[in-house]
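One file, data_28.cif, is given below (mmCIF, C-alpha atoms).
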```cif
data_model
loop_
_atom_site.label_atom_id
_atom_site.label_comp_id
_atom_site.auth_asym_id
_atom_site.auth_seq_id
_atom_site.Cartn_x
_atom_site.Cartn_y
_atom_site.Cartn_z
CA MET A 1 -54.94 2.33 -21.42
CA ARG A 2 -56.09 5.76 -22.49
CA ASN A 3 -59.07 5.48 -20.23
CA ASP A 4 -56.75 4.67 -17.33
CA SER A 5 -54.62 7.75 -17.79
CA VAL A 6 -57.65 10.01 -18.11
CA ASN A 7 -58.95 8.43 -14.95
CA TRP A 8 -55.61 9.06 -13.20
CA VAL A 9 -55.58 12.74 -14.18
CA SER A 10 -59.14 13.23 -13.02
CA ARG A 11 -58.31 11.60 -9.68
CA VAL A 12 -55.31 13.92 -9.24
CA LEU A 13 -57.51 16.90 -10.06
CA ALA A 14 -60.12 15.68 -7.59
CA VAL A 15 -57.54 15.83 -4.77
CA THR A 16 -56.50 19.34 -5.84
CA GLU A 17 -60.13 20.43 -6.07
CA LYS A 18 -60.87 19.05 -2.60
CA ASP A 19 -57.94 21.03 -1.20
CA ILE A 20 -58.98 24.22 -2.97
CA VAL A 21 -62.55 23.91 -1.67
CA SER A 22 -61.39 23.28 1.89
CA GLU A 23 -58.87 26.13 1.56
CA PHE A 24 -61.63 28.53 0.57
CA ARG A 25 -63.59 27.51 3.68
CA THR A 26 -60.81 28.28 6.15
CA ARG A 27 -58.43 30.39 4.04
CA TYR A 28 -55.66 29.45 6.45
CA ALA A 29 -52.71 28.85 4.08
CA ILE A 30 -53.46 31.68 1.67
CA ASN A 31 -53.89 34.18 4.52
CA ALA A 32 -50.67 33.09 6.20
CA ILE A 33 -48.69 33.27 2.95
CA LEU A 34 -50.09 36.60 1.79
CA MET A 35 -49.77 38.33 5.15
CA PHE A 36 -46.22 37.04 5.51
CA ALA A 37 -45.34 38.30 2.02
CA LEU A 38 -46.93 41.66 2.75
CA VAL A 39 -45.09 42.06 6.06
CA THR A 40 -41.73 41.14 4.51
CA LEU A 41 -42.37 43.43 1.56
CA THR A 42 -43.23 46.34 3.85
CA VAL A 43 -40.17 45.81 6.05
CA ILE A 44 -37.94 45.66 2.99
CA SER A 45 -39.42 48.71 1.31
CA PHE A 46 -39.06 50.72 4.53
CA ALA A 47 -35.51 49.50 4.99
CA VAL A 48 -34.39 50.32 1.45
CA GLY A 49 -36.61 53.40 1.07
CA ALA A 50 -33.81 55.72 2.16
CA PHE A 51 -31.35 54.58 -0.49
CA SER A 52 -31.69 52.90 -3.88
CA PRO A 53 -30.18 49.42 -3.96
CA THR A 54 -28.73 47.97 -7.14
CA LYS A 55 -30.73 45.70 -9.42
CA GLU A 56 -28.73 42.69 -8.21
CA VAL A 57 -29.88 43.34 -4.66
CA MET A 58 -33.47 43.74 -5.88
CA ALA A 59 -33.40 40.31 -7.52
CA ALA A 60 -32.20 38.72 -4.29
CA LEU A 61 -34.78 40.62 -2.19
CA PHE A 62 -37.59 39.48 -4.48
CA TRP A 63 -36.71 35.81 -3.92
CA ILE A 64 -36.20 36.28 -0.19
CA ILE A 65 -39.80 37.53 0.02
CA LEU A 66 -41.13 34.63 -2.06
CA PHE A 67 -39.03 32.01 -0.25
CA PHE A 68 -40.06 32.97 3.28
CA ALA A 69 -43.70 33.54 2.34
CA ALA A 70 -43.80 30.10 0.71
CA MET A 71 -42.17 28.57 3.81
CA SER A 72 -44.93 29.97 6.02
CA GLY A 73 -47.74 28.21 4.18
CA LEU A 74 -46.69 25.35 1.90
CA ALA A 75 -46.42 22.80 4.72
CA GLN A 76 -50.11 23.30 5.61
CA VAL A 77 -51.21 21.01 2.79
CA PHE A 78 -50.20 17.91 4.79
CA ILE A 79 -50.25 19.33 8.33
CA LYS A 80 -53.96 20.06 8.13
CA GLU A 81 -54.68 16.45 7.11
CA GLU A 82 -52.76 15.15 10.12
CA GLU A 83 -54.26 17.66 12.55
CA SER A 84 -57.86 17.15 11.51
CA GLY A 85 -57.34 13.38 11.37
CA THR A 86 -58.36 13.09 7.73
CA ALA A 87 -55.04 11.58 6.57
CA LEU A 88 -56.31 8.04 7.11
CA ALA A 89 -59.46 8.63 5.08
CA LEU A 90 -57.33 10.11 2.30
CA LYS A 91 -55.06 7.04 2.38
CA LEU A 92 -58.08 4.80 1.90
CA ALA A 93 -59.60 6.97 -0.80
CA SER A 94 -56.65 7.05 -3.19
CA ASP A 95 -53.12 5.80 -3.77
CA GLY A 96 -49.90 7.65 -2.96
CA THR A 97 -48.96 9.03 -6.37
CA VAL A 98 -52.42 10.53 -6.92
CA ILE A 99 -52.28 12.26 -3.52
CA PHE A 100 -48.75 13.50 -4.21
CA PHE A 101 -49.55 15.10 -7.56
CA GLY A 102 -52.85 16.48 -6.24
CA LYS A 103 -51.08 18.19 -3.35
CA LEU A 104 -48.27 19.36 -5.65
CA LEU A 105 -50.78 21.05 -7.96
CA PHE A 106 -52.48 22.70 -5.00
CA ASN A 107 -49.16 24.09 -3.69
CA LEU A 108 -48.34 25.30 -7.20
CA ALA A 109 -51.68 27.11 -7.41
CA LEU A 110 -50.97 28.68 -4.02
CA LEU A 111 -47.56 29.89 -5.19
CA PHE A 112 -48.93 31.38 -8.40
CA ALA A 113 -51.65 33.19 -6.43
CA LEU A 114 -48.88 34.56 -4.21
CA THR A 115 -46.75 35.74 -7.16
CA VAL A 116 -49.69 37.41 -8.88
CA ILE A 117 -50.15 39.59 -5.80
CA VAL A 118 -46.51 40.09 -4.80
CA VAL A 119 -45.08 41.05 -8.23
CA PRO A 120 -47.19 44.22 -8.77
CA LEU A 121 -46.71 45.28 -5.14
CA PHE A 122 -42.96 44.72 -5.41
CA ILE A 123 -42.78 46.83 -8.56
CA ILE A 124 -44.89 49.64 -7.05
CA LEU A 125 -43.34 49.75 -3.58
CA LEU A 126 -39.71 49.28 -4.55
CA LYS A 127 -40.00 51.46 -7.68
CA THR A 128 -38.22 49.02 -9.95
CA GLU A 129 -39.19 47.08 -13.01
CA PRO A 130 -37.69 44.09 -14.84
CA ALA A 131 -36.01 45.23 -18.06
CA ASN A 132 -36.74 41.87 -19.63
CA TRP A 133 -40.22 40.56 -18.75
CA LEU A 134 -39.73 37.28 -20.60
CA PHE A 135 -36.73 36.30 -18.43
CA PHE A 136 -38.65 37.37 -15.35
CA LEU A 137 -41.52 35.12 -16.41
CA TYR A 138 -39.13 32.20 -16.94
CA ALA A 139 -37.68 32.72 -13.46
CA ILE A 140 -41.10 32.83 -11.80
CA LEU A 141 -42.47 29.87 -13.74
CA LEU A 142 -39.50 27.54 -13.21
CA GLY A 143 -38.86 28.86 -9.70
CA ASN A 144 -42.42 28.19 -8.55
CA ILE A 145 -42.46 24.71 -10.08
CA GLY A 146 -39.19 23.93 -8.30
CA LEU A 147 -40.37 25.42 -4.99
CA ALA A 148 -43.55 23.36 -5.02
CA GLY A 149 -41.88 20.25 -6.47
CA ALA A 150 -39.12 20.07 -3.89
CA THR A 151 -41.09 21.09 -0.80
CA THR A 152 -44.26 19.00 -1.17
CA ILE A 153 -42.54 15.82 0.01
CA ILE A 154 -40.81 17.76 2.80
CA ALA A 155 -44.23 18.99 3.90
CA ALA A 156 -45.32 15.35 4.09
CA ILE A 157 -42.25 14.47 6.18
CA VAL A 158 -42.70 17.44 8.51
CA SER A 159 -46.41 16.71 9.08
CA LYS A 160 -45.40 13.64 11.13
CA ALA A 161 -42.97 15.55 13.36
CA THR A 162 -43.69 17.15 16.72
CA ILE A 163 -42.42 20.63 15.83
CA LYS A 164 -43.69 21.43 12.36
CA GLY A 165 -43.43 25.10 11.42
CA ALA A 166 -39.78 25.77 12.18
CA LEU A 167 -38.63 22.37 10.96
CA PHE A 168 -40.14 22.90 7.50
CA THR A 169 -37.90 25.90 6.78
CA VAL A 170 -34.83 24.15 8.22
CA LEU A 171 -35.31 21.04 6.07
CA SER A 172 -36.30 22.94 2.92
CA PHE A 173 -33.35 25.31 2.87
CA PRO A 174 -30.59 22.83 1.87
CA VAL A 175 -32.90 21.34 -0.78
CA LEU A 176 -33.88 24.72 -2.22
CA MET A 177 -30.38 26.22 -2.16
CA PRO A 178 -29.49 25.20 -5.78
CA LEU A 179 -32.88 26.46 -6.98
CA LEU A 180 -32.47 29.81 -5.24
CA ILE A 181 -28.96 30.37 -6.59
CA ALA A 182 -30.03 29.63 -10.17
CA VAL A 183 -33.29 31.55 -10.02
CA ILE A 184 -31.70 34.67 -8.48
CA GLU A 185 -29.14 34.56 -11.32
CA ILE A 186 -31.92 34.58 -13.93
CA THR A 187 -33.87 37.30 -12.11
CA LYS A 188 -30.70 39.40 -11.98
CA SER A 189 -30.45 39.16 -15.76
CA ALA A 190 -34.14 40.01 -16.05
CA PHE A 191 -33.70 43.19 -13.99
CA LEU A 192 -30.49 44.21 -15.74
CA GLY A 193 -31.75 43.27 -19.20
CA GLY A 194 -29.27 40.66 -20.44
CA VAL A 195 -29.25 38.41 -23.48
CA PHE A 196 -30.28 34.76 -23.49
CA LYS A 197 -26.67 33.58 -23.42
CA ASP A 198 -26.32 34.92 -19.84
CA ILE A 199 -29.12 32.79 -18.49
CA ALA A 200 -28.62 29.64 -20.58
CA ALA A 201 -26.61 27.78 -17.91
CA PRO A 202 -28.88 28.56 -14.93
CA MET A 203 -31.93 27.83 -17.11
CA GLN A 204 -30.65 24.35 -18.00
CA LEU A 205 -29.88 23.63 -14.38
CA LEU A 206 -33.25 24.91 -13.26
CA VAL A 207 -35.17 22.74 -15.74
CA ALA A 208 -33.07 19.72 -14.72
CA TYR A 209 -33.62 20.52 -11.04
CA ASP A 210 -37.41 20.76 -11.43
CA VAL A 211 -37.66 17.50 -13.35
CA VAL A 212 -35.31 15.56 -11.06
CA MET A 213 -36.89 16.82 -7.84
CA ILE A 214 -40.43 15.98 -8.95
CA ILE A 215 -39.45 12.49 -10.13
CA LEU A 216 -37.44 11.85 -6.96
CA SER A 217 -40.30 12.99 -4.73
CA TYR A 218 -42.70 10.84 -6.73
CA LEU A 219 -40.45 7.78 -6.21
CA LEU A 220 -39.94 8.40 -2.48
CA PHE A 221 -43.41 9.62 -1.61
CA ASP A 222 -44.91 6.19 -0.86
CA PHE A 223 -42.36 5.58 1.92
CA VAL A 224 -43.42 8.79 3.65
CA TRP A 225 -47.10 8.47 3.02
CA ARG A 226 -47.43 4.88 4.22
CA GLN A 227 -45.88 5.75 7.60
CA MET B 1 -5.77 -4.70 19.75
CA ILE B 2 -3.18 -4.82 16.97
CA TRP B 3 -5.32 -2.35 14.98
CA LYS B 4 -5.55 0.11 17.83
CA LEU B 5 -1.77 -0.04 18.24
CA LEU B 6 -1.24 0.47 14.50
CA ILE B 7 -3.56 3.48 14.41
CA PHE B 8 -1.78 4.95 17.43
CA LEU B 9 1.67 4.48 15.89
CA ALA B 10 0.68 5.75 12.45
CA MET B 11 -1.12 8.78 13.90
CA SER B 12 1.91 9.62 16.05
CA PHE B 13 4.12 9.30 12.96
CA VAL B 14 1.88 11.69 11.00
CA VAL B 15 1.62 14.26 13.80
CA VAL B 16 5.39 14.31 14.43
CA MET B 17 6.46 14.18 10.78
CA ALA B 18 3.96 16.86 9.73
CA PHE B 19 5.79 19.35 11.94
CA ILE B 20 9.43 18.36 11.63
CA THR B 21 9.73 17.83 7.85
CA PRO B 22 10.00 20.81 5.46
CA SER B 23 6.71 22.44 4.48
CA PRO B 24 4.97 20.81 1.47
CA MET B 25 4.84 24.09 -0.43
CA ASN B 26 7.58 25.75 -2.39
CA PRO B 27 8.04 29.31 -1.02
CA ALA B 28 7.99 30.66 -4.60
CA ASN B 29 4.38 29.73 -5.31
CA THR B 30 2.68 30.21 -1.96
CA LEU B 31 0.38 33.00 -0.88
CA GLY B 32 1.36 33.19 2.77
CA PRO B 33 3.73 31.75 5.35
CA VAL B 34 5.08 28.39 4.14
CA ASP B 35 4.46 26.69 7.50
CA VAL B 36 0.70 27.21 7.13
CA TYR B 37 0.69 24.53 4.45
CA ARG B 38 1.42 21.84 7.03
CA ILE B 39 -2.31 21.92 7.85
CA PHE B 40 -2.80 20.13 4.53
CA TYR B 41 -1.72 16.84 6.17
CA PHE B 42 -4.78 17.06 8.44
CA HIS B 43 -7.30 19.14 6.54
CA VAL B 44 -7.44 17.01 3.37
CA PRO B 45 -7.88 13.64 5.17
CA GLN B 46 -10.59 15.19 7.38
CA SER B 47 -12.50 16.47 4.34
CA TRP B 48 -12.08 13.09 2.69
CA VAL B 49 -13.51 11.28 5.73
CA ALA B 50 -16.43 13.75 5.93
CA THR B 51 -17.24 13.06 2.26
CA LEU B 52 -16.87 9.31 2.78
CA ALA B 53 -19.26 9.40 5.75
CA PHE B 54 -21.76 11.43 3.73
CA LEU B 55 -21.70 8.93 0.83
CA MET B 56 -21.91 6.02 3.27
CA SER B 57 -24.97 7.42 5.00
CA MET B 58 -26.67 7.89 1.61
CA PHE B 59 -25.94 4.29 0.66
CA LEU B 60 -27.12 3.01 4.06
CA SER B 61 -30.31 5.07 3.80
CA ILE B 62 -31.13 3.51 0.44
CA ARG B 63 -30.40 0.05 1.87
CA PHE B 64 -32.70 0.82 4.80
CA LEU B 65 -35.60 1.76 2.53
CA GLN B 66 -35.02 -1.42 0.50
CA THR B 67 -34.89 -3.80 3.46
CA LYS B 68 -36.55 -1.95 6.37
CA ASN B 69 -33.85 -3.46 8.56
CA MET B 70 -33.24 -1.25 11.60
CA ALA B 71 -29.55 -2.21 11.64
CA PHE B 72 -29.08 0.00 8.56
CA ASP B 73 -30.73 2.92 10.32
CA ILE B 74 -28.31 2.61 13.24
CA LYS B 75 -25.41 2.51 10.79
CA ALA B 76 -26.71 5.48 8.78
CA VAL B 77 -27.13 7.69 11.84
CA THR B 78 -23.67 6.73 13.09
CA ALA B 79 -22.12 7.61 9.72
CA ASN B 80 -23.93 10.95 9.82
CA ARG B 81 -22.80 11.70 13.35
CA LEU B 82 -19.15 11.00 12.50
CA GLY B 83 -19.49 12.88 9.23
CA LEU B 84 -20.67 15.94 11.13
CA MET B 85 -17.71 15.68 13.50
CA PHE B 86 -15.14 15.44 10.69
CA ALA B 87 -16.89 18.17 8.66
CA ILE B 88 -16.60 20.51 11.65
CA LEU B 89 -12.89 19.65 11.95
CA ALA B 90 -12.34 20.25 8.23
CA THR B 91 -14.21 23.58 8.42
CA VAL B 92 -12.13 24.75 11.37
CA THR B 93 -8.78 23.74 9.86
CA GLY B 94 -9.77 25.21 6.49
CA SER B 95 -10.82 28.43 8.15
CA ILE B 96 -7.53 28.75 10.02
CA PHE B 97 -5.68 28.22 6.74
CA ALA B 98 -7.86 30.84 5.03
CA LYS B 99 -7.13 33.39 7.76
CA MET B 100 -3.40 32.82 7.55
CA THR B 101 -3.13 33.01 3.76
CA TRP B 102 -5.97 35.26 2.54
CA GLY B 103 -6.61 37.23 5.73
CA GLU B 104 -10.22 36.16 6.24
CA PHE B 105 -11.70 33.30 8.22
CA TRP B 106 -14.64 33.11 5.87
CA ASN B 107 -15.30 34.12 2.28
CA TRP B 108 -18.57 33.36 0.51
CA SER B 109 -17.03 33.49 -2.97
CA GLU B 110 -14.90 30.45 -2.18
CA ILE B 111 -16.84 27.49 -3.59
CA ARG B 112 -15.50 24.95 -1.15
CA GLU B 113 -16.47 27.05 1.84
CA VAL B 114 -20.02 27.33 0.50
CA SER B 115 -20.25 23.60 -0.10
CA ILE B 116 -18.88 22.60 3.31
CA PHE B 117 -21.33 25.06 4.86
CA ILE B 118 -24.20 23.36 3.02
CA LEU B 119 -22.90 19.98 4.19
CA LEU B 120 -22.98 21.22 7.80
CA ILE B 121 -26.54 22.55 7.32
CA ILE B 122 -27.59 19.19 5.84
CA TYR B 123 -26.23 17.30 8.84
CA GLY B 124 -27.90 19.79 11.18
CA ALA B 125 -31.26 19.44 9.42
CA TYR B 126 -30.98 15.65 9.51
CA PHE B 127 -30.53 15.60 13.30
CA ALA B 128 -33.20 18.29 13.78
CA LEU B 129 -35.70 16.02 12.03
CA ARG B 130 -34.65 12.95 13.98
CA SER B 131 -35.08 14.68 17.31
CA ALA B 132 -38.60 15.76 16.31
CA LEU B 133 -39.83 12.22 15.55
CA PRO B 134 -40.55 10.13 18.65
CA ASP B 135 -41.51 6.88 16.90
CA PRO B 136 -38.40 4.81 15.94
CA ASP B 137 -39.85 3.30 12.74
CA GLN B 138 -41.09 6.62 11.52
CA ARG B 139 -37.81 8.31 12.47
CA ALA B 140 -35.80 5.75 10.51
CA THR B 141 -37.90 5.90 7.33
CA LEU B 142 -38.40 9.65 7.18
CA SER B 143 -34.78 10.50 7.88
CA ALA B 144 -33.67 7.98 5.23
CA VAL B 145 -35.96 9.65 2.66
CA LEU B 146 -34.62 13.05 3.68
CA SER B 147 -30.98 12.02 3.29
CA ILE B 148 -31.63 10.82 -0.26
CA ILE B 149 -33.27 14.14 -1.18
CA PHE B 150 -30.34 16.01 0.40
CA ALA B 151 -27.85 13.91 -1.57
CA VAL B 152 -29.51 14.84 -4.86
CA SER B 153 -29.59 18.49 -3.86
CA ALA B 154 -25.88 18.31 -2.98
CA VAL B 155 -25.13 16.96 -6.48
CA PHE B 156 -26.95 19.95 -7.97
CA LEU B 157 -24.96 22.35 -5.84
CA ILE B 158 -21.70 20.79 -7.00
CA PHE B 159 -22.74 21.46 -10.61
CA ILE B 160 -24.39 24.84 -10.09
CA LEU B 161 -21.90 26.65 -7.88
CA PRO B 162 -18.92 26.53 -10.27
CA ARG B 163 -21.10 27.93 -13.08
CA ILE B 164 -22.33 30.84 -11.02
CA TYR B 165 -18.92 31.69 -9.56
CA PRO B 166 -16.74 30.56 -12.49
CA SER B 167 -13.19 31.49 -11.63
CA PHE B 168 -13.25 32.91 -8.14
CA SER B 169 -11.56 30.16 -6.22
CA GLN B 170 -8.43 30.60 -4.17
CA HIS B 171 -8.39 27.11 -2.73
CA PRO B 172 -5.16 25.27 -3.67
CA THR B 173 -6.15 23.02 -6.55
CA ASP B 174 -2.82 21.26 -7.10
CA SER B 175 -3.99 17.71 -7.35
CA VAL B 176 -2.07 14.97 -5.64
CA VAL B 177 -1.70 13.05 -8.88
CA ASP B 178 -1.18 14.84 -12.21
CA LYS B 179 -2.90 14.03 -15.51
CA SER B 180 -0.43 11.37 -16.57
CA GLY B 181 -0.97 9.57 -13.25
CA LYS B 182 2.36 10.57 -11.72
CA LEU B 183 2.71 11.88 -8.19
CA THR B 184 3.33 15.62 -8.12
CA MET B 185 4.43 15.65 -4.50
CA GLY B 186 7.88 14.72 -3.25
CA GLY B 187 8.58 11.36 -1.64
CA THR B 188 8.47 12.41 2.03
CA VAL B 189 5.43 14.60 1.54
CA SER B 190 3.44 11.88 -0.18
CA LEU B 191 4.51 9.31 2.41
CA ILE B 192 3.18 11.49 5.24
CA PHE B 193 0.09 12.49 3.28
CA PHE B 194 -0.96 8.98 2.30
CA THR B 195 -0.22 7.63 5.78
CA SER B 196 -2.39 10.42 7.15
CA LEU B 197 -5.17 9.59 4.67
CA ALA B 198 -5.04 5.92 5.62
CA VAL B 199 -4.85 6.54 9.35
CA PHE B 200 -7.76 9.01 9.34
CA THR B 201 -9.85 6.49 7.37
CA ALA B 202 -8.86 3.72 9.80
CA LEU B 203 -9.71 5.99 12.74
CA PHE B 204 -13.11 6.65 11.20
CA VAL B 205 -13.78 2.94 10.63
CA TRP B 206 -12.74 2.17 14.20
CA ILE B 207 -14.96 4.85 15.81
CA TYR B 208 -17.78 3.86 13.46
CA ASP B 209 -17.54 0.20 14.42
CA LEU B 210 -17.47 1.02 18.14
CA SER B 211 -20.47 3.37 18.00
CA VAL B 212 -22.55 0.94 15.94
CA ARG B 213 -21.88 -1.79 18.52
CA LEU B 214 -22.61 0.58 21.38
CA GLN B 215 -25.84 1.70 19.77
CA ASN B 216 -26.91 -1.91 19.22
CA ILE B 217 -26.38 -2.71 22.91
CA TYR B 218 -28.33 0.39 23.86
CA GLU B 219 -31.26 -0.56 21.58
CA LYS B 220 -31.29 -4.08 23.00
CA ARG B 221 -31.46 -2.66 26.54
CA LEU B 222 -34.40 -0.48 25.52
CA LEU B 223 -36.24 -3.53 24.18
CA GLU B 224 -35.53 -5.53 27.34
CA ASP B 225 -36.80 -2.70 29.54
CA LYS B 226 -40.05 -2.76 27.67
#
```

Transcribe the structure of this file into structure tokens.
Amino acid sequence: MRNDSVNWVSRVLAVTEKDIVSEFRTRYAINAILMFALVTLTVISFAVGAFSPTKEVMAALFWIILFFAAMSGLAQVFIKEEESGTALALKLASDGTVIFFGKLLFNLALLFALTVIVVPLFIILLKTEPANWLFFLYAILLGNIGLAGATTIIAAIVSKATIKGALFTVLSFPVLMPLLIAVIEITKSAFLGGVFKDIAAPMQLLVAYDVVMIILSYLLFDFVWRQ
Amino acid sequence: MIWKLLIFLAMSFVVVMAFITPSPMNPANTLGPVDVYRIFYFHVPQSWVATLAFLMSMFLSIRFLQTKNMAFDIKAVTANRLGLMFAILATVTGSIFAKMTWGEFWNWSEIREVSIFILLIIYGAYFALRSALPDPDQRATLSAVLSIIFAVSAVFLIFILPRIYPSFSQHPTDSVVDKSGKLTMGGTVSLIFFTSLAVFTALFVWIYDLSVRLQNIYEKRLLEDK
């Protein structure tokens, strides 16, 4: 039994590793995401440069940048398999759950790479800083897990459609709406410097959201993948 | 035939009675003109039917994934289409009411307006996906999966929104039945209201039945042409 689970983890990691290697060859997703984030960040810092927005507005702006940047690249993980015709080989090589968690980990890695670059730039360009770094870290950690967890299966759905790019954002928005509301609430507290009592409710909801979305995607993934 | 006649008579009764009987609200505890509250006879049943259609399409989507029977897909898409229609009606009537009582057609702090907006977006996204999938089997499966994900997300919104905007809700919350199970509305008002609720539900079932049958004929034609 133990051997089986070790085997399962290593198979998941193999899928992630394969994606990372192929990503480093083309650098398509990471370039798209980073350039999109940079462009949005620049537009926003020019737009708000003339006046100083409140911390609440800053928290919302931060997640707008992350949300749209993520939307520009997260769907690639399945689209590239369909476009290069490697989806069939992948289907033969491993079962659905392994593929799902492998792709989920890859998207998560992509999001963390994005945050590592965007956060310092955001702080420098918009001349603001979270008052409570721990809350900010919670928001980023749980927010990224939720973003990747909820959109990986949508990426799989969209990869079969005829119009992919625009559809991904349209389908993801209603699913991500609860996540965005909760995560902006926590980020607001992080910028304003609140106490833990302020963020307890959104934190609970966020943890529940992440867990439920990942389990739900895991249960439904086979239907999408076997199409 | 008898059903059509009954729906026609009951609907006429509701439409006439809604305008000739006294307004359901007591002038002492209203925010705006008392006559505005007559919209309640139409707005609440429309919202109820939109919710019913949403729940039905979720159930039918799950049944489709269990059985892979295309009949469930036809039913699910019909429920969604009607749900969208009634959700638009409920949004428009609610918006008119909001303008007359609070002076704005739209207010983002009102929880129910946010949630109906999300419902409209969900329906829109569902049909956007369907139109982008040419293969019928694929279209049926993927849109069924999507509606289940949307349903779970909608449940989260229902729990999250009230916590983020705790008390800012102007929507009349007087429930039809109070805690002890007694009707809080007067006799005439509840007669019109419950007739309206029943007739809107019957109207929905009737349109639903017709469109499912129509869609089945259409699918059969498509198969024969092939």

I need the contact residues of chain B against chain A, so if you could list those with any atom within 6 Å, counting all atoms listed in the file, and return them as a PyMOL selection string, that would help.
chain B and resi 125+132-133+153+157

Enter the distance from atom CA of Tyr123 of chain B to atom CA of Ser61 of chain B, in Å, rounded to one decimal.
13.8 Å

The distance between atom CA of Ala90 of chain B and atom CA of Phe40 of chain B is 10.2 Å

Here's a test: counting all atoms listed in the file, identify every protein, DNA and RNA residue with an atom at most 9 Å from (-32.4, 13.8, 12.2) in the file's coordinate frame, and state them as a PyMOL selection string.
chain B and resi 77+123-133+139-140+142-143+146

Export of the given selection (C-alpha atoms) as a JSON list (two decimals), keeping the file's coordinate frame:
```json
[["chain", "number", "residue", "atom", "x", "y", "z"],
["B", 77, "VAL", "CA", -27.13, 7.69, 11.84],
["B", 123, "TYR", "CA", -26.23, 17.30, 8.84],
["B", 124, "GLY", "CA", -27.90, 19.79, 11.18],
["B", 125, "ALA", "CA", -31.26, 19.44, 9.42],
["B", 126, "TYR", "CA", -30.98, 15.65, 9.51],
["B", 127, "PHE", "CA", -30.53, 15.60, 13.30],
["B", 128, "ALA", "CA", -33.20, 18.29, 13.78],
["B", 129, "LEU", "CA", -35.70, 16.02, 12.03],
["B", 130, "ARG", "CA", -34.65, 12.95, 13.98],
["B", 131, "SER", "CA", -35.08, 14.68, 17.31],
["B", 132, "ALA", "CA", -38.60, 15.76, 16.31],
["B", 133, "LEU", "CA", -39.83, 12.22, 15.55],
["B", 139, "ARG", "CA", -37.81, 8.31, 12.47],
["B", 140, "ALA", "CA", -35.80, 5.75, 10.51],
["B", 142, "LEU", "CA", -38.40, 9.65, 7.18],
["B", 143, "SER", "CA", -34.78, 10.50, 7.88],
["B", 146, "LEU", "CA", -34.62, 13.05, 3.68]]
```

For Glu129 of chain A, which of A:Arg11, A:Lys91, A:Lys55, A:Lys103 is the closest residue, counting all atoms listed in the file?
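Going through A:Arg11, A:Lys91, A:Lys55, A:Lys103 one by one, the smallest distance to Glu129 of chain A is for A:Lys55.
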
Counting all atoms listed in the file, closest pick from A:Thr128, A:Leu111, A:Thr97, A:Leu13 relative to Ser52 of chain A is A:Thr128

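Close contacts of segment 124-126 of chain A, defined as residues with an atom at most 9 Å away when counting only C-alpha atoms, with chain neighbours fewer than 5 positions off set aside, comprise Leu41, Thr42, Ile44, Ser45, Val48, Gly49, Ser52, Met58 and Val119 of chain A.
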